[in-house]
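Shown below: entry30.txt, with compact mmCIF, C-alpha atoms and all ligand atoms.
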# COMPACT_ATOMS: atom_id res chain seq x y z
CA MET A 21 5.95 -9.16 -29.66
CA MET A 22 8.89 -7.33 -31.21
CA ASN A 23 6.58 -4.82 -32.90
CA ILE A 24 4.62 -3.87 -29.81
CA ARG A 25 4.97 -0.15 -29.16
CA VAL A 26 5.74 0.43 -25.49
CA ARG A 27 6.02 3.42 -23.21
CA ASP A 28 9.49 4.92 -22.90
CA ARG A 29 11.76 2.94 -20.53
CA VAL A 30 9.38 -0.02 -20.05
CA ASP A 31 11.63 -2.40 -21.98
CA THR A 32 14.80 -1.17 -20.27
CA THR A 33 13.50 -1.20 -16.67
CA PRO A 34 15.42 -3.93 -14.83
CA ILE A 35 13.31 -6.80 -13.48
CA TYR A 36 13.55 -6.74 -9.69
CA GLN A 37 15.60 -9.64 -8.33
CA ALA A 38 14.03 -10.69 -5.04
CA GLY A 39 15.49 -13.10 -2.48
CA LEU A 40 15.16 -16.59 -3.98
CA PRO A 41 12.09 -18.58 -2.90
CA ILE A 42 12.73 -21.89 -1.09
CA GLU A 43 10.82 -23.93 -3.72
CA LEU A 44 12.99 -22.56 -6.53
CA VAL A 45 16.26 -23.31 -4.73
CA ALA A 46 14.98 -26.83 -3.92
CA ARG A 47 14.15 -27.42 -7.60
CA GLU A 48 17.37 -26.02 -9.00
CA ARG A 49 19.77 -27.53 -6.46
CA GLY A 50 17.96 -30.85 -5.98
CA LEU A 51 17.50 -30.18 -2.24
CA ASP A 52 14.67 -31.14 0.11
CA PRO A 53 12.71 -27.88 0.65
CA ASP A 54 12.29 -28.75 4.33
CA THR A 55 16.04 -28.53 4.83
CA ILE A 56 16.41 -25.09 3.24
CA ILE A 57 16.49 -21.91 5.32
CA LYS A 58 15.80 -18.47 3.88
CA LEU A 59 17.71 -15.57 5.37
CA ALA A 60 17.38 -13.40 2.28
CA SER A 61 14.32 -11.14 2.52
CA ASN A 62 14.21 -9.94 6.14
CA GLU A 63 11.08 -11.91 6.91
CA ASN A 64 9.95 -12.95 10.38
CA PRO A 65 11.65 -16.28 11.26
CA LEU A 66 8.84 -17.13 13.71
CA GLY A 67 6.26 -17.36 10.94
CA PRO A 68 2.99 -15.40 10.95
CA SER A 69 1.28 -14.09 14.06
CA PRO A 70 -0.90 -17.00 15.34
CA LYS A 71 -3.84 -14.62 15.73
CA ALA A 72 -3.46 -13.73 12.05
CA ILE A 73 -3.59 -17.42 11.09
CA GLU A 74 -6.85 -17.81 13.06
CA ALA A 75 -8.31 -14.77 11.29
CA ILE A 76 -7.36 -16.15 7.86
CA ILE A 77 -9.08 -19.47 8.62
CA ARG A 78 -12.17 -17.64 9.95
CA GLU A 79 -12.38 -15.50 6.83
CA ALA A 80 -11.65 -18.24 4.25
CA PRO A 81 -15.33 -19.14 3.61
CA HIS A 82 -16.00 -15.54 2.51
CA VAL A 83 -13.35 -15.12 -0.15
CA HIS A 84 -15.91 -15.33 -2.97
CA LEU A 85 -16.75 -11.70 -2.10
CA TYR A 86 -14.58 -8.75 -3.10
CA PRO A 87 -12.79 -7.05 -0.24
CA ASP A 88 -13.67 -3.62 1.10
CA GLY A 89 -11.46 -1.60 -1.22
CA GLY A 90 -11.11 1.26 1.24
CA ALA A 91 -10.17 -1.16 4.06
CA TRP A 92 -12.48 0.79 6.40
CA GLU A 93 -11.97 -1.49 9.39
CA LEU A 94 -8.17 -1.66 9.11
CA ALA A 95 -7.81 2.08 8.49
CA GLY A 96 -10.05 2.69 11.51
CA LYS A 97 -7.96 0.46 13.76
CA LEU A 98 -4.72 2.07 12.58
CA ALA A 99 -6.22 5.52 13.12
CA ALA A 100 -7.14 4.67 16.71
CA MET A 101 -3.72 3.14 17.29
CA HIS A 102 -1.81 6.19 16.05
CA GLY A 103 -4.22 8.89 17.26
CA LEU A 104 -5.11 9.94 13.69
CA THR A 105 -8.23 9.64 11.49
CA ARG A 106 -9.09 7.19 8.69
CA GLU A 107 -8.38 10.00 6.21
CA HIS A 108 -4.73 9.91 7.23
CA PHE A 109 -4.32 6.32 5.90
CA ILE A 110 -3.96 4.48 2.64
CA ILE A 111 -3.62 0.69 2.61
CA GLY A 112 -1.40 -0.94 0.01
CA ASN A 113 -0.64 -4.37 -1.44
CA GLY A 114 2.52 -4.23 0.63
CA SER A 115 4.01 -0.83 1.39
CA ASN A 116 5.80 -1.20 -1.97
CA GLU A 117 2.54 -0.53 -3.76
CA ILE A 118 2.29 2.85 -2.05
CA ILE A 119 5.71 3.79 -3.48
CA GLU A 120 4.17 3.05 -6.86
CA PHE A 121 1.13 5.25 -6.04
CA LEU A 122 3.60 8.03 -5.26
CA GLY A 123 5.23 7.48 -8.65
CA GLN A 124 1.82 7.62 -10.37
CA ALA A 125 0.85 10.80 -8.57
CA LEU A 126 4.13 12.72 -8.59
CA LEU A 127 6.59 11.62 -11.26
CA GLU A 128 7.04 12.30 -14.96
CA PRO A 129 9.97 12.90 -17.33
CA GLY A 130 12.04 15.91 -16.30
CA THR A 131 11.38 15.43 -12.59
CA ASN A 132 13.69 13.82 -10.05
CA VAL A 133 13.67 11.88 -6.80
CA VAL A 134 16.34 12.41 -4.15
CA MET A 135 17.47 9.22 -2.40
CA GLY A 136 20.54 7.73 -0.72
CA GLU A 137 23.45 6.16 -2.56
CA PHE A 138 22.36 2.70 -1.36
CA PRO A 139 18.58 3.04 -1.36
CA PHE A 140 15.82 0.48 -0.95
CA ALA A 141 15.75 -1.01 -4.46
CA VAL A 142 12.15 -0.06 -5.19
CA TYR A 143 12.83 3.72 -5.14
CA PRO A 144 15.14 3.80 -8.19
CA LEU A 145 12.93 1.25 -9.92
CA VAL A 146 9.74 3.32 -9.57
CA THR A 147 11.64 6.53 -10.36
CA TYR A 148 13.00 5.10 -13.59
CA HIS A 149 9.70 3.50 -14.52
CA PHE A 150 7.86 6.82 -14.42
CA GLY A 151 10.53 8.55 -16.51
CA ALA A 152 12.07 10.55 -13.65
CA ASP A 153 15.71 10.72 -12.58
CA ALA A 154 17.22 9.34 -9.37
CA ARG A 155 19.52 11.77 -7.56
CA LYS A 156 21.63 9.53 -5.37
CA ILE A 157 23.33 11.19 -2.41
CA ALA A 158 26.48 9.81 -0.76
CA MET A 159 25.93 7.84 2.45
CA PRO A 160 29.02 8.32 4.62
CA GLY A 161 29.35 5.37 7.00
CA LEU A 162 26.49 3.68 5.05
CA LYS A 163 23.93 5.97 6.73
CA HIS A 164 21.65 8.56 5.08
CA ASP A 165 23.03 12.09 5.20
CA THR A 166 19.76 13.97 5.72
CA GLU A 167 21.30 17.44 5.34
CA ALA A 168 22.96 16.54 2.04
CA MET A 169 19.69 15.05 0.82
CA LEU A 170 17.83 18.28 1.61
CA ALA A 171 20.56 20.31 -0.09
CA ALA A 172 20.17 18.20 -3.26
CA ILE A 173 16.52 19.23 -3.76
CA ASP A 174 16.11 21.41 -6.84
CA ALA A 175 13.21 22.90 -8.80
CA ASN A 176 12.50 19.53 -10.47
CA THR A 177 12.48 17.44 -7.30
CA ARG A 178 9.08 15.90 -6.60
CA MET A 179 10.00 13.47 -3.84
CA VAL A 180 12.71 12.56 -1.34
CA CYS A 181 12.81 8.88 -0.29
CA ILE A 182 14.50 7.77 2.88
CA SER A 183 14.12 4.51 4.76
CA SER A 184 15.05 4.34 8.40
CA PRO A 185 16.28 1.76 9.20
CA ASN A 186 17.55 1.57 5.65
CA ASN A 187 17.79 -1.57 3.52
CA PRO A 188 20.24 -2.86 2.21
CA THR A 189 22.38 -1.00 4.78
CA PRO A 190 20.91 -1.75 8.20
CA LEU A 191 21.50 1.67 9.80
CA HIS A 192 18.89 4.19 10.93
CA ASN A 193 18.71 7.93 11.41
CA SER A 194 17.85 9.43 14.79
CA ALA A 195 14.37 10.76 15.51
CA ASP A 196 15.87 14.27 15.73
CA GLU A 197 17.48 13.92 12.28
CA LEU A 198 14.19 12.73 10.79
CA ARG A 199 12.15 15.48 12.46
CA ALA A 200 14.61 18.13 11.26
CA MET A 201 14.32 16.74 7.75
CA ILE A 202 10.50 16.74 7.87
CA ARG A 203 10.45 20.35 9.08
CA ALA A 204 12.88 21.51 6.39
CA ILE A 205 11.27 19.80 3.39
CA PRO A 206 9.85 22.37 0.94
CA GLU A 207 6.04 22.52 0.76
CA ASN A 208 5.99 21.31 -2.87
CA VAL A 209 8.14 18.18 -2.40
CA VAL A 210 6.90 14.96 -0.78
CA LEU A 211 9.06 13.27 1.82
CA CYS A 212 8.51 9.51 1.71
CA LEU A 213 9.76 8.16 5.03
CA ASP A 214 9.80 4.40 4.73
CA ALA A 215 9.63 2.80 8.17
CA ALA A 216 9.49 -0.93 7.56
CA TYR A 217 11.48 -1.93 10.65
CA PRO A 218 10.93 0.64 13.46
CA GLU A 219 9.65 -1.97 15.93
CA TYR A 220 13.17 -3.43 16.13
CA LEU A 221 14.72 -0.14 17.25
CA ASP A 222 15.50 0.52 20.91
CA GLU A 223 13.48 3.70 20.51
CA GLN A 224 10.82 4.21 17.82
CA PRO A 225 10.57 7.77 16.51
CA ASP A 226 7.09 9.26 17.07
CA LEU A 227 6.25 11.05 13.83
CA VAL A 228 2.51 11.48 14.43
CA PRO A 229 2.90 15.15 15.50
CA GLU A 230 4.65 15.83 12.17
CA ILE A 231 1.77 14.16 10.30
CA LEU A 232 -0.75 16.25 12.25
CA ALA A 233 1.24 19.36 11.29
CA ASN A 234 0.24 18.66 7.67
CA ARG A 235 3.79 18.56 6.39
CA PRO A 236 4.21 17.08 2.84
CA LEU A 237 5.07 13.75 4.44
CA ILE A 238 4.05 10.13 4.05
CA VAL A 239 5.26 7.51 6.54
CA LEU A 240 5.17 3.96 5.16
CA ARG A 241 4.68 0.97 7.44
CA THR A 242 4.38 -2.73 6.67
CA PHE A 243 2.94 -5.97 8.03
CA SER A 244 5.71 -7.93 6.26
CA LYS A 245 8.33 -7.82 9.01
CA VAL A 246 7.56 -7.91 12.73
CA TYR A 247 3.93 -9.05 12.10
CA GLY A 248 5.12 -11.92 9.88
CA LEU A 249 2.72 -11.39 6.96
CA ALA A 250 5.07 -10.79 3.99
CA GLY A 251 3.30 -13.39 1.84
CA LEU A 252 -0.07 -11.67 2.18
CA ARG A 253 1.14 -8.28 0.93
CA VAL A 254 -0.23 -5.58 3.15
CA GLY A 255 1.24 -2.27 4.27
CA TYR A 256 0.08 1.28 4.81
CA GLY A 257 0.96 4.91 4.39
CA MET A 258 0.03 7.67 6.79
CA GLY A 259 0.13 11.31 5.86
CA SER A 260 -1.91 14.46 5.61
CA PRO A 261 -5.47 13.84 4.32
CA ALA A 262 -4.74 16.01 1.26
CA LEU A 263 -1.78 13.85 0.17
CA ILE A 264 -3.57 10.59 1.03
CA SER A 265 -6.59 11.68 -1.00
CA LEU A 266 -4.31 12.25 -4.02
CA LEU A 267 -2.85 8.74 -3.69
CA GLN A 268 -6.29 7.14 -3.27
CA ARG A 269 -7.05 8.30 -6.83
CA THR A 270 -4.21 6.17 -8.20
CA ARG A 271 -5.28 3.00 -6.35
CA GLN A 272 -7.05 0.04 -7.98
CA PRO A 273 -10.49 -0.63 -6.46
CA PHE A 274 -9.61 -3.90 -4.69
CA ASN A 275 -5.86 -3.64 -4.18
CA VAL A 276 -5.66 -5.45 -0.83
CA GLY A 277 -7.28 -8.88 -0.44
CA VAL A 278 -9.73 -9.67 2.31
CA LEU A 279 -7.45 -12.27 3.97
CA ALA A 280 -4.65 -9.70 4.13
CA GLN A 281 -6.95 -7.11 5.70
CA LYS A 282 -8.34 -9.51 8.33
CA ALA A 283 -4.92 -10.97 9.13
CA ALA A 284 -3.45 -7.48 9.55
CA LEU A 285 -6.27 -6.52 11.93
CA ALA A 286 -5.64 -9.62 14.03
CA ALA A 287 -1.85 -9.18 13.97
CA LEU A 288 -2.18 -5.67 15.40
CA ASP A 289 -3.80 -7.23 18.47
CA ASP A 290 -1.10 -9.87 18.85
CA ARG A 291 1.26 -7.89 21.11
CA ALA A 292 2.75 -11.09 22.57
CA PHE A 293 3.87 -12.21 19.10
CA VAL A 294 5.38 -8.82 18.25
CA GLU A 295 7.27 -8.75 21.55
CA ARG A 296 8.54 -12.29 21.04
CA SER A 297 9.66 -11.39 17.50
CA ILE A 298 11.59 -8.38 18.80
CA ARG A 299 13.22 -10.49 21.54
CA VAL A 300 14.23 -13.25 19.13
CA ASN A 301 15.74 -10.62 16.83
CA ARG A 302 17.76 -8.99 19.63
CA ASP A 303 19.09 -12.36 20.80
CA GLY A 304 19.82 -13.35 17.19
CA LEU A 305 21.80 -10.17 16.53
CA LEU A 306 24.00 -10.87 19.58
CA GLN A 307 24.44 -14.50 18.51
CA VAL A 308 25.60 -13.68 14.97
CA GLN A 309 27.71 -10.75 16.14
CA GLU A 310 29.67 -13.08 18.43
CA GLY A 311 29.74 -15.88 15.85
CA LEU A 312 31.13 -13.66 13.10
CA LYS A 313 33.73 -12.21 15.46
CA ARG A 314 34.88 -15.75 16.26
CA LEU A 315 35.20 -16.40 12.51
CA GLY A 316 37.23 -13.17 12.17
CA LEU A 317 34.74 -11.61 9.73
CA ASP A 318 33.82 -7.93 9.63
CA ALA A 319 30.15 -7.07 9.56
CA VAL A 320 27.82 -4.07 9.68
CA PHE A 321 25.11 -4.24 12.31
CA GLY A 322 22.27 -1.92 13.19
CA GLN A 323 19.26 -2.76 15.34
CA THR A 324 17.06 -4.14 12.59
CA ASN A 325 16.50 -7.76 11.49
CA PHE A 326 19.36 -8.07 9.00
CA TYR A 327 23.07 -7.28 8.75
CA LEU A 328 25.87 -7.08 6.21
CA VAL A 329 28.84 -9.45 6.24
CA LYS A 330 32.07 -8.53 4.49
CA VAL A 331 33.41 -11.42 2.41
CA PRO A 332 36.08 -11.50 -0.32
CA ASP A 333 33.77 -12.76 -3.08
CA PRO A 334 30.08 -12.28 -2.16
CA ALA A 335 28.69 -13.90 -5.34
CA LYS A 336 30.76 -17.04 -4.74
CA THR A 337 29.87 -17.19 -1.06
CA CYS A 338 26.14 -16.69 -1.70
CA ASP A 339 26.23 -19.44 -4.31
CA ALA A 340 28.13 -21.84 -2.05
CA LEU A 341 25.66 -21.16 0.78
CA LEU A 342 22.78 -21.86 -1.62
CA GLY A 343 24.30 -25.26 -2.38
CA ARG A 344 24.13 -25.94 1.38
CA GLY A 345 20.50 -24.87 1.57
CA VAL A 346 21.13 -21.43 3.12
CA ILE A 347 19.62 -18.58 1.08
CA VAL A 348 21.23 -15.16 1.64
CA ARG A 349 21.45 -12.11 -0.59
CA SER A 350 24.22 -10.50 -2.58
CA VAL A 351 23.96 -6.70 -2.38
CA ALA A 352 26.21 -6.05 -5.39
CA PRO A 353 23.23 -4.82 -7.50
CA SER A 354 22.74 -2.07 -4.90
CA GLY A 355 26.34 -0.94 -5.39
CA LEU A 356 27.60 -2.34 -2.08
CA LYS A 357 30.81 -4.14 -2.90
CA GLY A 358 32.38 -7.00 -0.93
CA MET A 359 29.32 -7.66 1.24
CA MET A 360 26.30 -9.86 1.49
CA ARG A 361 23.06 -9.25 3.36
CA VAL A 362 21.77 -11.80 5.83
CA SER A 363 18.47 -11.77 7.73
CA VAL A 364 18.38 -12.64 11.41
CA GLY A 365 16.74 -16.06 11.80
CA THR A 366 15.84 -18.29 14.70
CA LYS A 367 18.69 -19.42 16.96
CA GLU A 368 18.99 -22.66 14.98
CA GLU A 369 18.93 -20.89 11.60
CA ASN A 370 21.59 -18.39 12.69
CA GLN A 371 23.77 -21.25 13.88
CA ARG A 372 23.32 -23.10 10.60
CA PHE A 373 24.46 -20.02 8.71
CA LEU A 374 27.47 -19.55 11.00
CA ASP A 375 28.42 -23.23 10.66
CA ALA A 376 28.12 -23.22 6.86
CA LEU A 377 29.94 -19.93 6.28
CA PRO A 378 33.62 -20.89 6.82
CA ASN A 379 33.40 -23.46 4.03
CA CYS A 380 31.82 -20.99 1.62
CA LEU A 381 34.34 -18.14 1.66
C1 LIG A 401 12.91 -0.35 3.41
C2 LIG A 401 11.82 -1.28 2.99
N1 LIG A 401 10.65 -0.79 2.59
C3 LIG A 401 9.65 -1.60 2.19
C4 LIG A 401 9.81 -2.96 2.17
C5 LIG A 401 8.74 -3.85 1.60
O1 LIG A 401 7.62 -3.84 2.30
P1 LIG A 401 6.30 -4.54 1.77
O2 LIG A 401 6.49 -6.01 1.94
O3 LIG A 401 5.29 -3.96 2.72
O4 LIG A 401 6.03 -4.15 0.36
C6 LIG A 401 11.00 -3.53 2.59
C7 LIG A 401 11.16 -4.99 2.54
O5 LIG A 401 12.18 -5.57 2.44
C8 LIG A 401 12.03 -2.67 3.01
O6 LIG A 401 13.21 -3.16 3.37
For this file, write the structure as structure tokens.
Ligand SMILES: Cc1ncc(COP(=O)(O)O)c(C=O)c1O
Amino acid sequence: MMNIRVRDRVDTTPIYQAGLPIELVARERGLDPDTIIKLASNENPLGPSPKAIEAIIREAPHVHLYPDGGAWELAGKLAAMHGLTREHFIIGNGSNEIIEFLGQALLEPGTNVVMGEFPFAVYPLVTYHFGADARKIAMPGLKHDTEAMLAAIDANTRMVCISSPNNPTPLHNSADELRAMIRAIPENVVLCLDAAYPEYLDEQPDLVPEILANRPLIVLRTFSKVYGLAGLRVGYGMGSPALISLLQRTRQPFNVGVLAQKAALAALDDRAFVERSIRVNRDGLLQVQEGLKRLGLDAVFGQTNFYLVKVPDPAKTCDALLGRGVIVRSVAPSGLKGMMRVSVGTKEENQRFLDALPNCL
């Protein structure tokens, strides 16, 4: 093992620390898994879309066959939904995989990626992995400064990554800010606009006209949040056919499983579930906002399905909450000091977090 010759940076790339799975916490803390709640990965607290569950069961007898690698049916449905064509879409094993496709296609040593100071963790990871440099731009008020990001582009910049709403900070940029950024991006730099949570916003930005204008833009979307399918791993990118065609060349033949494709198709039709998920999130945000105020704790809220809570010692508080079967997330690795990130749960889950918190500070 020690003598294996590896590509530069492979052995020094940090291993991504995800929100802890319930089974692991149960094992390590000697807790009953049924009593543990996970508010650590911004998943849908209502579970999967029921229509998606039906589709998975319907499809189960066919899983001996490889999936349609091009996800023809799903790309077709998405195209109709957004008023685009199949050629505007690439389907990924989660939207995270598409960030990796972008790394494969665009990055190499000597190049750089512009991103916010507190970016979604996968951007610096992929950047580093492909030998490129991350140019992190200050985020005043914990929000992306789109003008400063544009100003940071230099001759070696291959990509600008922005998520709106962002994660780990829960704030979003306005549609006007995003459109101005898309229109100003140089022709030879790709703007990766990661939209994992737009359904939760009061107003979703419509970026389809910018895609039709053939800007060097890819918009990432996911089935992991409001559609409740994080465990299946399915997301998509939409962009100009020329850019999508480049990314298709980096994709493995069968990157998205058949159950994921069928469940995603069914979830798109489950409007009632999406609307219920959005409602539960809005009510949950109000509930925790009031609860934290009563506890005298400062917090950062946006409109998405998670928030930041300011606590004196986040590592200690996260650990104490774990011991009580409440999984939340320290954001110290992202550079955010004195805060922890908590996902909005069901009413009962939010209350359990609020009840446990005072004893964990
Ligand atoms: C900004 C952002 N992008 C992408 C993802 C991951 O999406 P997926 O599950 O589709 O890989 C997340 C999930 O937490 C996220 O917060």
Protein and nucleic acid residues within 8 Å of ligand LIG 401 (chain A) (only C-alpha atoms and all ligand atoms) as a PyMOL selection string: chain A and resi 61-63+112-117+140+142+183-188+214-217+240-245+250+253-256
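Here the question is which of A:Ser69, A:Gln224, A:Thr131, A:Gln124 gets nearest to Arg291 in chain A using only C-alpha atoms, and that residue is A:Ser69.
Considering the residues A:Asn208, A:Thr189, A:Thr166, A:Thr177 and counting all atoms listed in the file, Phe138 in chain A has its shortest atom-to-atom contact with A:Thr189.
For Ala60 in chain A, the residues within 6 Å (counting all atoms listed in the file, excluding itself and residues fewer than 3 positions away along the chain) are Gly39, Ile347, Val348, Arg349, Val362 and Ser363 of chain A.
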Within 9 Å of Val210 in chain A using only C-alpha atoms, minus same-chain residues under 6 positions, as a PDB file with C-alpha atoms, keeping the file's coordinate frame:
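So selection_16.pdb came out as:
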ATOM      1  CA  LEU A 122       3.600   8.030  -5.260  1.00  0.00           C
ATOM      2  CA  LEU A 126       4.130  12.720  -8.590  1.00  0.00           C
ATOM      3  CA  THR A 177      12.480  17.440  -7.300  1.00  0.00           C
ATOM      4  CA  ARG A 178       9.080  15.900  -6.600  1.00  0.00           C
ATOM      5  CA  MET A 179      10.000  13.470  -3.840  1.00  0.00           C
ATOM      6  CA  VAL A 180      12.710  12.560  -1.340  1.00  0.00           C
ATOM      7  CA  CYS A 181      12.810   8.880  -0.290  1.00  0.00           C
ATOM      8  CA  ARG A 235       3.790  18.560   6.390  1.00  0.00           C
ATOM      9  CA  PRO A 236       4.210  17.080   2.840  1.00  0.00           C
ATOM     10  CA  LEU A 237       5.070  13.750   4.440  1.00  0.00           C
ATOM     11  CA  ILE A 238       4.050  10.130   4.050  1.00  0.00           C
ATOM     12  CA  LEU A 263      -1.780  13.850   0.170  1.00  0.00           C
TER      13      LEU A 263
END
Which protein, DNA or RNA residues are at most 10 Å from (31.1, -23.3, 2.2) in the file's coordinates when you count only C-alpha atoms, listed as an MDAnalysis selection string? chainID A and resid 336:344 373 375:381
Could those selected residues go to a file with C-alpha atoms, as a PDB file, in the coordinates of the input?
ATOM      1  CA  LYS A 336      30.760 -17.040  -4.740  1.00  0.00           C
ATOM      2  CA  THR A 337      29.870 -17.190  -1.060  1.00  0.00           C
ATOM      3  CA  CYS A 338      26.140 -16.690  -1.700  1.00  0.00           C
ATOM      4  CA  ASP A 339      26.230 -19.440  -4.310  1.00  0.00           C
ATOM      5  CA  ALA A 340      28.130 -21.840  -2.050  1.00  0.00           C
ATOM      6  CA  LEU A 341      25.660 -21.160   0.780  1.00  0.00           C
ATOM      7  CA  LEU A 342      22.780 -21.860  -1.620  1.00  0.00           C
ATOM      8  CA  GLY A 343      24.300 -25.260  -2.380  1.00  0.00           C
ATOM      9  CA  ARG A 344      24.130 -25.940   1.380  1.00  0.00           C
ATOM     10  CA  PHE A 373      24.460 -20.020   8.710  1.00  0.00           C
ATOM     11  CA  ASP A 375      28.420 -23.230  10.660  1.00  0.00           C
ATOM     12  CA  ALA A 376      28.120 -23.220   6.860  1.00  0.00           C
ATOM     13  CA  LEU A 377      29.940 -19.930   6.280  1.00  0.00           C
ATOM     14  CA  PRO A 378      33.620 -20.890   6.820  1.00  0.00           C
ATOM     15  CA  ASN A 379      33.400 -23.460   4.030  1.00  0.00           C
ATOM     16  CA  CYS A 380      31.820 -20.990   1.620  1.00  0.00           C
ATOM     17  CA  LEU A 381      34.340 -18.140   1.660  1.00  0.00           C
TER      18      LEU A 381
END
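With all atoms listed in the file as the atoms that count, the minimum distance from Ala175 in chain A to the choices A:Asp289, A:Glu197, A:Glu223, A:Glu207 is reached by A:Glu207.
Using only C-alpha atoms, the residues found no farther than 6 Å from Gly365 in chain A, other than those of its own chain fewer than 3 positions away, are Pro65, Glu369 and Asn370 of chain A.
For range 22-35 of chain A, the residues within 8 Å (counting all atoms listed in the file, excluding itself and residues fewer than 4 positions away along the chain) are Leu145, Tyr148, His149 and Gly151 of chain A.
We find CA of Leu170 in chain A and CA of Asn132 in chain A to be spaced 13.2 Å apart.
Considering the residues A:Pro70, A:Pro332, A:Pro273, A:Gly358 and counting only C-alpha atoms, Tyr247 in chain A has its shortest atom-to-atom contact with A:Pro70.
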Could you pull out every residue with an atom within 8 Å of (11.1, -16.6, 17.3), file coordinates, counting all atoms listed in the file, and send them as a PyMOL selection string? chain A and resi 64-66+296-297+299-301+365-366
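As for CA of Glu74 in chain A and CA of Ala283 in chain A, they are spaced 8.1 Å apart.
The spacing separating CA of Ala352 in chain A from CA of Leu374 in chain A amounts to 21.3 Å.
Close contacts of Phe150 in chain A, defined as residues with an atom at most 7 Å away when counting all atoms listed in the file, with chain neighbours fewer than 2 positions off set aside, comprise Gly123, Leu127, Glu128, Val146, Thr147, Tyr148 and Ala152 of chain A.
Comparing the minimum interatomic distances between Leu288 in chain A and each of A:Ala95, A:Ala46, A:Ala168, A:Ile77, counting all atoms listed in the file, we find that A:Ala95 sits nearest.
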Nearest to Glu230 in chain A, chosen from A:Ile118, A:Met258, A:Leu252, A:Leu305, with all atoms listed in the file counted in the distances: A:Met258
